[in-house]
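Text of the file entry-v7.csv, holding CSV, C-alpha atoms:
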```
chain,number,residue,atom,x,y,z
A,12,MET,CA,0.0,0.0,0.0
A,13,LYS,CA,1.4,3.4,-1.0
A,14,LEU,CA,2.0,6.0,1.7
A,15,LEU,CA,-0.9,8.3,0.8
A,16,GLU,CA,-3.2,5.4,0.4
A,17,LYS,CA,-2.2,4.1,3.9
A,18,ILE,CA,-2.8,7.6,5.4
A,19,ASP,CA,-6.3,7.6,3.8
A,20,HIS,CA,-6.9,4.1,5.1
A,21,TYR,CA,-6.1,5.1,8.6
A,22,LYS,CA,-8.1,8.3,8.3
A,23,ARG,CA,-11.2,6.3,7.4
A,24,ALA,CA,-10.7,4.3,10.6
A,25,ILE,CA,-10.5,7.5,12.7
A,26,ASP,CA,-13.4,9.0,10.8
A,27,GLU,CA,-15.7,6.2,12.1
A,28,ILE,CA,-15.7,7.8,15.5
A,29,ARG,CA,-16.2,11.3,14.2
A,30,PRO,CA,-17.5,13.8,14.9
A,31,PHE,CA,-15.6,13.9,18.2
A,32,GLU,CA,-17.6,14.9,21.2
A,33,SER,CA,-16.8,18.4,22.4
A,34,HIS,CA,-14.9,17.1,25.5
A,35,LEU,CA,-12.8,14.8,23.4
A,36,LEU,CA,-12.1,17.4,20.7
A,37,ASN,CA,-10.9,19.8,23.4
A,38,GLU,CA,-8.7,17.1,24.8
A,39,LEU,CA,-7.1,16.5,21.4
A,40,LYS,CA,-6.7,20.2,20.8
A,41,ASN,CA,-4.9,20.6,24.1
A,42,TYR,CA,-2.8,17.5,23.6
A,43,TYR,CA,-1.4,18.8,20.3
A,44,ARG,CA,-1.1,22.4,21.6
A,45,ILE,CA,1.7,21.4,23.8
A,46,GLY,CA,3.4,18.9,21.4
A,47,LEU,CA,3.3,21.1,18.4
A,48,THR,CA,4.4,24.2,20.3
A,49,TRP,CA,7.3,22.5,21.9
A,50,SER,CA,8.5,20.7,18.7
A,51,SER,CA,8.1,23.6,16.4
A,52,ASN,CA,9.9,25.9,18.7
A,53,ALA,CA,12.6,23.3,19.4
A,54,LEU,CA,13.3,23.0,15.7
A,55,GLU,CA,14.3,26.7,15.8
A,56,GLY,CA,16.6,26.4,18.8
A,57,ASN,CA,14.1,27.1,21.7
A,58,THR,CA,15.5,25.4,24.8
A,59,LEU,CA,12.3,24.6,26.7
A,60,THR,CA,11.6,20.9,27.1
A,61,GLU,CA,8.2,19.4,26.4
A,62,SER,CA,7.4,19.1,30.1
A,63,GLU,CA,8.5,22.8,30.7
A,64,THR,CA,6.3,23.8,27.8
A,65,LYS,CA,3.4,21.9,29.3
A,66,VAL,CA,3.9,23.6,32.7
A,67,LEU,CA,4.1,27.0,31.1
A,68,LEU,CA,1.0,26.6,28.9
A,69,GLU,CA,-1.2,24.8,31.4
A,70,ASP,CA,-0.1,26.3,34.7
A,71,GLY,CA,1.4,29.6,33.7
A,72,LEU,CA,4.6,28.8,35.5
A,73,THR,CA,7.9,30.0,33.9
A,74,VAL,CA,11.1,28.1,34.1
A,75,GLY,CA,14.0,29.5,36.0
A,76,GLY,CA,17.3,29.9,34.2
A,77,LYS,CA,15.8,29.8,30.7
A,78,PRO,CA,15.9,32.8,28.3
A,79,LEU,CA,12.8,35.0,28.5
A,80,SER,CA,12.5,34.8,24.7
A,81,ASP,CA,12.0,31.0,25.0
A,82,THR,CA,9.0,31.7,27.2
A,83,PHE,CA,7.5,34.3,24.9
A,84,GLU,CA,8.0,32.0,21.9
A,85,ALA,CA,6.1,29.2,23.6
A,86,LEU,CA,3.2,31.6,24.6
A,87,GLY,CA,3.1,33.2,21.2
A,88,HIS,CA,3.1,30.0,19.3
A,89,ALA,CA,0.3,28.7,21.5
A,90,LYS,CA,-1.8,31.8,20.7
A,91,ALA,CA,-1.2,31.3,17.0
A,92,TYR,CA,-2.1,27.6,17.4
A,93,ASP,CA,-5.4,28.6,19.0
A,94,PHE,CA,-6.1,30.9,16.1
A,95,MET,CA,-5.6,28.0,13.7
A,96,PHE,CA,-8.7,26.3,15.1
A,97,THR,CA,-10.8,29.4,14.3
A,98,ILE,CA,-10.2,28.9,10.6
A,99,LEU,CA,-11.0,25.2,10.2
A,100,GLY,CA,-14.7,25.5,9.2
A,101,ASN,CA,-14.4,27.3,5.9
A,102,ARG,CA,-11.6,25.3,4.2
A,103,GLN,CA,-9.8,28.5,3.2
A,104,ILE,CA,-6.5,29.9,4.2
A,105,SER,CA,-5.6,33.5,3.4
A,106,GLU,CA,-2.8,36.0,3.5
A,107,ASP,CA,-4.6,37.7,6.4
A,108,ASP,CA,-4.6,34.4,8.3
A,109,ALA,CA,-0.8,34.1,7.9
A,110,LEU,CA,-0.3,37.7,9.0
A,111,THR,CA,-2.5,37.1,12.1
A,112,MET,CA,-0.6,34.0,13.1
A,113,HIS,CA,2.6,35.8,12.8
A,114,ARG,CA,1.4,38.8,14.8
A,115,LEU,CA,0.2,36.5,17.6
A,116,PHE,CA,3.4,34.7,17.6
A,117,LEU,CA,5.8,37.6,17.5
A,118,LYS,CA,4.0,40.5,19.2
A,119,ASP,CA,5.6,39.9,22.7
A,120,ILE,CA,9.0,39.2,21.2
A,121,ASN,CA,9.4,41.9,18.5
A,122,LEU,CA,6.2,44.0,18.3
A,123,PRO,CA,7.4,46.4,15.5
A,124,PHE,CA,7.8,43.4,13.1
A,125,ALA,CA,4.8,41.3,14.3
A,126,GLY,CA,2.4,40.6,11.4
A,127,LYS,CA,4.5,42.6,9.0
A,128,TYR,CA,6.7,41.6,6.1
A,129,ARG,CA,10.4,42.1,6.5
A,130,THR,CA,12.1,45.2,5.1
A,131,ASP,CA,15.7,43.9,5.1
A,132,PRO,CA,17.3,41.1,3.0
A,133,VAL,CA,18.2,37.9,4.9
A,134,LEU,CA,20.4,34.9,4.2
A,135,ILE,CA,19.5,31.4,5.3
A,136,THR,CA,22.5,29.7,7.0
A,137,GLY,CA,23.5,26.5,5.3
A,138,SER,CA,21.3,27.1,2.2
A,139,LYS,CA,22.7,27.9,-1.3
A,140,TYR,CA,19.4,29.2,-2.5
A,141,PRO,CA,18.3,32.9,-2.0
A,142,VAL,CA,14.9,33.8,-0.5
A,143,CYS,CA,12.5,36.3,-1.9
A,144,LYS,CA,13.8,39.9,-2.4
A,145,VAL,CA,12.2,42.5,-0.1
A,146,LYS,CA,10.5,44.4,-2.9
A,147,GLU,CA,8.9,41.2,-4.2
A,148,ILE,CA,7.6,39.7,-1.0
A,149,GLU,CA,4.1,41.1,-1.0
A,150,ALA,CA,3.5,40.1,-4.6
A,151,GLU,CA,4.9,36.6,-4.0
A,152,VAL,CA,2.7,36.1,-1.0
A,153,LYS,CA,-0.4,37.2,-2.9
A,154,THR,CA,0.5,34.8,-5.7
A,155,LEU,CA,1.0,32.0,-3.2
A,156,PHE,CA,-2.5,32.5,-1.7
A,157,HIS,CA,-4.1,32.8,-5.1
A,158,TRP,CA,-2.6,29.3,-5.7
A,159,VAL,CA,-4.0,28.1,-2.4
A,160,ALA,CA,-7.5,29.3,-3.4
A,161,SER,CA,-7.4,28.1,-7.0
A,162,GLU,CA,-5.3,24.9,-7.1
A,163,ARG,CA,-6.0,23.2,-3.8
A,164,MET,CA,-8.3,20.6,-5.3
A,165,SER,CA,-5.5,19.6,-7.8
A,166,TYR,CA,-3.5,17.9,-5.0
A,167,HIS,CA,-4.0,15.2,-2.4
A,168,PRO,CA,-4.6,17.1,0.9
A,169,VAL,CA,-1.4,15.9,2.5
A,170,GLU,CA,0.6,16.8,-0.6
A,171,PHE,CA,-1.1,20.2,-0.7
A,172,ALA,CA,-0.2,20.9,2.9
A,173,ALA,CA,3.4,20.0,2.3
A,174,GLN,CA,3.5,22.2,-0.8
A,175,LEU,CA,2.0,25.1,1.1
A,176,HIS,CA,4.7,24.8,3.8
A,177,LYS,CA,7.5,24.6,1.2
A,178,ARG,CA,6.3,27.5,-0.9
A,179,PHE,CA,5.7,29.8,2.1
A,180,VAL,CA,9.0,29.2,3.7
A,181,PHE,CA,10.9,29.6,0.5
A,182,ILE,CA,9.4,33.1,0.2
A,183,HIS,CA,10.6,33.7,3.8
A,184,PRO,CA,8.4,36.9,4.2
A,185,PHE,CA,9.1,37.6,7.9
A,186,ILE,CA,12.2,38.7,9.8
A,187,ASP,CA,11.6,35.8,12.2
A,188,GLY,CA,9.1,33.0,12.6
A,189,ASN,CA,8.9,31.8,9.0
A,190,GLY,CA,9.4,28.1,9.8
A,191,ARG,CA,6.8,28.2,12.6
A,192,ILE,CA,4.2,30.0,10.6
A,193,SER,CA,4.7,27.7,7.6
A,194,ARG,CA,4.2,24.7,9.8
A,195,LEU,CA,1.0,26.2,11.3
A,196,LEU,CA,-0.3,26.9,7.8
A,197,MET,CA,0.5,23.4,6.8
A,198,ASN,CA,-1.3,22.0,9.8
A,199,SER,CA,-4.3,24.3,9.2
A,200,ALA,CA,-4.7,22.8,5.8
A,201,LEU,CA,-4.4,19.3,7.1
A,202,LEU,CA,-7.0,19.9,9.8
A,203,GLN,CA,-9.4,21.6,7.4
A,204,ASP,CA,-9.4,18.4,5.3
A,205,GLY,CA,-9.8,16.1,8.3
A,206,TYR,CA,-6.3,14.8,8.6
A,207,MET,CA,-4.1,14.7,11.7
A,208,LEU,CA,-1.2,17.1,12.3
A,209,ALA,CA,2.3,16.7,10.9
A,210,ILE,CA,4.5,17.1,14.0
A,211,ILE,CA,8.3,17.2,13.3
A,212,PRO,CA,10.2,16.1,16.4
A,213,PRO,CA,13.6,17.9,17.0
A,214,ILE,CA,15.4,14.6,16.5
A,215,LEU,CA,14.5,14.8,12.8
A,216,ARG,CA,15.6,18.4,12.5
A,217,GLN,CA,18.6,17.6,10.3
A,218,GLU,CA,16.6,15.4,7.9
A,219,TYR,CA,13.9,18.0,7.8
A,220,ILE,CA,16.2,20.9,6.9
A,221,SER,CA,18.1,18.7,4.4
A,222,LEU,CA,14.9,17.7,2.6
A,223,LEU,CA,13.7,21.3,2.5
A,224,GLU,CA,16.9,22.3,0.9
A,225,GLN,CA,16.6,19.4,-1.6
A,226,ALA,CA,13.0,20.5,-2.3
A,227,HIS,CA,14.3,23.5,-4.3
A,228,THR,CA,15.0,20.9,-7.1
A,229,ASN,CA,13.1,17.8,-6.1
A,230,ASP,CA,10.3,18.2,-3.5
A,231,GLN,CA,9.0,14.6,-3.5
A,232,PRO,CA,11.2,13.4,-0.6
A,233,PHE,CA,10.0,16.4,1.4
A,234,ILE,CA,6.4,15.6,0.6
A,235,ASP,CA,7.0,12.0,1.7
A,236,PHE,CA,8.6,13.2,4.9
A,237,ILE,CA,5.6,15.3,5.8
A,238,ALA,CA,3.3,12.4,4.9
A,239,GLU,CA,5.2,10.1,7.2
A,240,ARG,CA,4.7,12.6,10.0
A,241,VAL,CA,0.9,12.7,9.4
A,242,LEU,CA,0.9,8.9,9.4
A,243,GLU,CA,2.7,8.8,12.8
A,244,SER,CA,0.1,11.2,14.2
A,245,GLU,CA,-2.7,9.0,13.0
A,246,LYS,CA,-1.1,6.0,14.7
A,247,ASP,CA,-0.7,8.0,17.9
A,248,ILE,CA,-4.4,9.0,17.9
A,249,MET,CA,-5.5,5.5,17.1
A,250,ARG,CA,-3.5,4.2,20.1
A,251,LEU,CA,-4.9,6.9,22.4
A,252,LEU,CA,-8.4,6.2,21.3
A,253,HIS,CA,-8.0,2.4,21.3
A,254,ILE,CA,-8.8,2.2,17.6
A,255,SER,CA,-7.3,-1.0,16.1
A,256,ILE,CA,-4.8,-0.3,13.4
A,257,PRO,CA,-5.9,-2.2,10.2
```
For this file, write the structure as structure tokens.
Amino acid sequence: MKLLEKIDHYKRAIDEIRPFESHLLNELKNYYRIGLTWSSNALEGNTLTESETKVLLEDGLTVGGKPLSDTFEALGHAKAYDFMFTILGNRQISEDDALTMHRLFLKDINLPFAGKYRTDPVLITGSKYPVCKVKEIEAEVKTLFHWVASERMSYHPVEFAAQLHKRFVFIHPFIDGNGRISRLLMNSALLQDGYMLAIIPPILRQEYISLLEQAHTNDQPFIDFIAERVLESEKDIMRLLHISIP
């Protein structure tokens, strides 16, 4: 069975217990709120552990000895994650959604740049490919979200989500937070189509970065990588809900 076919097979098993009751849905939302916030921030160098992220988000307790920026990143990502759940009903993702996510993520870290496109050129360490020029950012973002609105049905939902991630992060429209927002956009698309989240654990950081770099010329390995992460989330949910894996 091919990877996308296996994902759809597992999705049908999960769909049999949908719609989730409100309590269970809230539990699942809270479960991934911690895991996605921790993993996405850790990919970018945040030093909070998963348990420290849990204590911060659930109990409001900060961790002594850790940079204040790490705390603000966790709190900001959690707010952007919560916003993600407000756009699930209409199966649309817009430029304004991306800007709102970024504003929520960055406003307590760097308010002047929160929800705004960068005004300075940047270089991506370790990459031989340039990102979008400053003067072209707004036009490129608008082109991307036109593609989102017009071409979504041309792709399998998991493939579309991976493409959205790749295309957004290649534009690199923000001074900071591009990876985190691209992963939130990707997961918004997955949830809108009824799929589980793609969570990338820090242990896979090097593979993830390498496949993103390779995606400039061949994006199929990156798409497969994202699909594998969706499949792992499906397996995780099926274990938690005692759904037998076919």
Wanna dump the region 95-196 of chain A-region 51-63 of chain A contacts at 9 Å for me, each residue with its shortest atom pair and the distance in Å to one decimal, counting only C-alpha atoms, ordered by chain and number, as JSON lines?
```
{"residue": "A:Gly188", "atom": "CA", "partner": "A:Glu55", "partner_atom": "CA", "distance": 8.8}
{"residue": "A:Gly190", "atom": "CA", "partner": "A:Glu55", "partner_atom": "CA", "distance": 7.9}
{"residue": "A:Arg191", "atom": "CA", "partner": "A:Ser51", "partner_atom": "CA", "distance": 6.1}
{"residue": "A:Arg194", "atom": "CA", "partner": "A:Ser51", "partner_atom": "CA", "distance": 7.7}
```
Check your understanding: Which distance in Å separates CA of Tyr206 (chain A) and CA of Leu110 (chain A), to one decimal?
Key -> 23.7 Å
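With only C-alpha atoms as the atoms that count, the minimum distance from His167 (chain A) to the choices A:Leu222, A:Leu134, A:Ala238, A:Val74 is reached by A:Ala238.
All residues of protein, DNA or RNA that reach within 10 Å of Lys22 (chain A), judged by all atoms listed in the file and not counting those fewer than 6 positions away in the chain, are Glu16, Gly205, Tyr206, Met207, Leu242, Glu245, Lys246 and Met249 of chain A.
The gap separating CA of Leu15 (chain A) from CA of Ile256 (chain A) is 15.7 Å, in Å to one decimal.
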Practice item. List the neighbours of region 170-179 of chain A out to 10 Å using all atoms listed in the file; skip same-chain residues closer than 3 positions along the sequence, and give me the result as a PyMOL selection string. Key: chain A and resi 15+109+151-152+155-156+158-159+162-167+182-184+189-202+204+209+223-224+226-227+230-231+233-238
Check your understanding: Suppose you want the space between CA of Phe181 (chain A) and CA of Val142 (chain A); what is it in Å?
Key ->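 About the pair CA of Phe181 (chain A) and CA of Val142 (chain A): they are 5.9 Å apart.
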Point to revise | Closest of A:Ile104, A:Leu251, A:Arg216, A:Ile98 to His157 (chain A) - atom-to-atom distances counting only C-alpha atoms | key: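 Distance minimum relative to His157 (chain A) lands on A:Ile104.
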As an mmCIF file with C-alpha atoms, in the coordinates of the input, please: the residues near Leu117 (chain A) (cut-off 8 Å, all atoms listed in the file, same-chain neighbours under 3 positions excluded).
```cif
data_model
loop_
_atom_site.group_PDB
_atom_site.id
_atom_site.type_symbol
_atom_site.label_atom_id
_atom_site.label_comp_id
_atom_site.auth_asym_id
_atom_site.auth_seq_id
_atom_site.Cartn_x
_atom_site.Cartn_y
_atom_site.Cartn_z
ATOM 1 C CA GLU A 84 8.000 32.000 21.900
ATOM 2 C CA GLY A 87 3.100 33.200 21.200
ATOM 3 C CA HIS A 113 2.600 35.800 12.800
ATOM 4 C CA ARG A 114 1.400 38.800 14.800
ATOM 5 C CA ILE A 120 9.000 39.200 21.200
ATOM 6 C CA ASN A 121 9.400 41.900 18.500
ATOM 7 C CA LEU A 122 6.200 44.000 18.300
ATOM 8 C CA PHE A 124 7.800 43.400 13.100
ATOM 9 C CA ALA A 125 4.800 41.300 14.300
ATOM 10 C CA GLY A 126 2.400 40.600 11.400
ATOM 11 C CA GLY A 188 9.100 33.000 12.600
#
```
Study note, to complete from the structure: Val241 (chain A) proximity check over A:Leu39, A:Ala85, A:Leu68, A:Ile18, using all atoms listed in the file: winner is A:Ile18
**Study point:** Counting all atoms listed in the file, the option among A:Val133, A:Ala89, A:Met112, A:Val169 closest to Tyr42 (chain A)
**Key:** A:Ala89
Check your understanding: Which is closer to Thr228 (chain A) than all the others in A:Lys139, A:Arg240, A:Lys77, A:Arg250, using all atoms listed in the file?
Key -> A:Lys139
Can you tell me, as a short mmCIF file (atom, residue, chain, number, x, y, z; two decimals) with C-alpha atoms, keeping the file's coordinate frame, what residues are no more than 10 Å from Tyr43 (chain A) when counting only C-alpha atoms, ignoring any on the same chain fewer than 6 positions away?
```cif
data_model
loop_
_atom_site.label_atom_id
_atom_site.label_comp_id
_atom_site.auth_asym_id
_atom_site.auth_seq_id
_atom_site.Cartn_x
_atom_site.Cartn_y
_atom_site.Cartn_z
CA TRP A 49 7.30 22.50 21.90
CA TYR A 92 -2.10 27.60 17.40
CA MET A 207 -4.10 14.70 11.70
CA LEU A 208 -1.20 17.10 12.30
CA ILE A 210 4.50 17.10 14.00
CA SER A 244 0.10 11.20 14.20
#
```
Exercise for review: Please provide as a PyMOL selection string all residues within 9 Å of Gln203 (chain A), with the sequence filter that same-chain residues fewer than 5 positions apart are discarded (counting all atoms listed in the file).
Suggested key: chain A and resi 98-103+198
File contents for region 161-190 of chain A with N, CA and C atoms as a short mmCIF file (atom, residue, chain, number, x, y, z; two decimals), in the first residue's frame:
```cif
data_model
loop_
_atom_site.label_atom_id
_atom_site.label_comp_id
_atom_site.auth_asym_id
_atom_site.auth_seq_id
_atom_site.Cartn_x
_atom_site.Cartn_y
_atom_site.Cartn_z
N SER A 161 -7.01 28.59 -5.71
CA SER A 161 -7.40 28.10 -7.03
C SER A 161 -6.95 26.67 -7.34
N GLU A 162 -5.86 26.21 -6.70
CA GLU A 162 -5.27 24.93 -7.09
C GLU A 162 -5.36 23.84 -6.02
N ARG A 163 -5.98 24.15 -4.91
CA ARG A 163 -5.99 23.19 -3.80
C ARG A 163 -6.56 21.83 -4.19
N MET A 164 -7.61 21.84 -4.97
CA MET A 164 -8.27 20.58 -5.33
C MET A 164 -7.44 19.73 -6.29
N SER A 165 -6.35 20.29 -6.81
CA SER A 165 -5.51 19.55 -7.75
C SER A 165 -4.55 18.60 -7.04
N TYR A 166 -4.49 18.68 -5.73
CA TYR A 166 -3.53 17.89 -4.96
C TYR A 166 -4.24 17.00 -3.94
N HIS A 167 -3.59 15.91 -3.58
CA HIS A 167 -4.01 15.18 -2.39
C HIS A 167 -3.82 16.13 -1.20
N PRO A 168 -4.72 16.13 -0.21
CA PRO A 168 -4.62 17.08 0.90
C PRO A 168 -3.28 17.10 1.63
N VAL A 169 -2.66 15.94 1.79
CA VAL A 169 -1.36 15.91 2.46
C VAL A 169 -0.28 16.51 1.57
N GLU A 170 -0.34 16.23 0.29
CA GLU A 170 0.60 16.81 -0.65
C GLU A 170 0.43 18.33 -0.72
N PHE A 171 -0.82 18.78 -0.73
CA PHE A 171 -1.08 20.22 -0.75
C PHE A 171 -0.51 20.90 0.48
N ALA A 172 -0.71 20.31 1.65
CA ALA A 172 -0.21 20.90 2.90
C ALA A 172 1.31 21.02 2.86
N ALA A 173 1.98 19.99 2.38
CA ALA A 173 3.45 20.02 2.28
C ALA A 173 3.91 21.08 1.29
N GLN A 174 3.19 21.19 0.18
CA GLN A 174 3.52 22.21 -0.81
C GLN A 174 3.35 23.62 -0.24
N LEU A 175 2.28 23.82 0.53
CA LEU A 175 2.04 25.12 1.15
C LEU A 175 3.18 25.49 2.08
N HIS A 176 3.58 24.54 2.91
CA HIS A 176 4.72 24.75 3.81
C HIS A 176 5.95 25.16 3.00
N LYS A 177 6.28 24.36 2.01
CA LYS A 177 7.50 24.60 1.22
C LYS A 177 7.46 25.96 0.54
N ARG A 178 6.38 26.26 -0.12
CA ARG A 178 6.30 27.50 -0.90
C ARG A 178 6.34 28.74 0.00
N PHE A 179 5.69 28.65 1.17
CA PHE A 179 5.69 29.80 2.07
C PHE A 179 7.08 30.03 2.65
N VAL A 180 7.73 28.98 3.09
CA VAL A 180 9.03 29.16 3.75
C VAL A 180 10.09 29.56 2.73
N PHE A 181 9.91 29.19 1.47
CA PHE A 181 10.87 29.62 0.45
C PHE A 181 10.76 31.12 0.18
N ILE A 182 9.57 31.69 0.34
CA ILE A 182 9.42 33.14 0.22
C ILE A 182 10.10 33.82 1.40
N HIS A 183 9.96 33.23 2.58
CA HIS A 183 10.59 33.74 3.81
C HIS A 183 10.20 35.20 4.05
N PRO A 184 8.90 35.47 4.20
CA PRO A 184 8.45 36.86 4.20
C PRO A 184 8.70 37.64 5.49
N PHE A 185 9.02 36.95 6.59
CA PHE A 185 9.15 37.62 7.88
C PHE A 185 10.60 37.68 8.34
N ILE A 186 10.86 38.59 9.24
CA ILE A 186 12.20 38.70 9.81
C ILE A 186 12.50 37.53 10.74
N ASP A 187 11.44 36.96 11.32
CA ASP A 187 11.59 35.81 12.24
C ASP A 187 10.26 35.06 12.26
N GLY A 188 10.32 33.75 12.50
CA GLY A 188 9.11 32.96 12.64
C GLY A 188 8.61 32.31 11.36
N ASN A 189 9.40 32.35 10.29
CA ASN A 189 8.93 31.80 9.02
C ASN A 189 8.66 30.30 9.08
N GLY A 190 9.56 29.56 9.71
CA GLY A 190 9.36 28.12 9.82
C GLY A 190 8.14 27.77 10.64
#
```
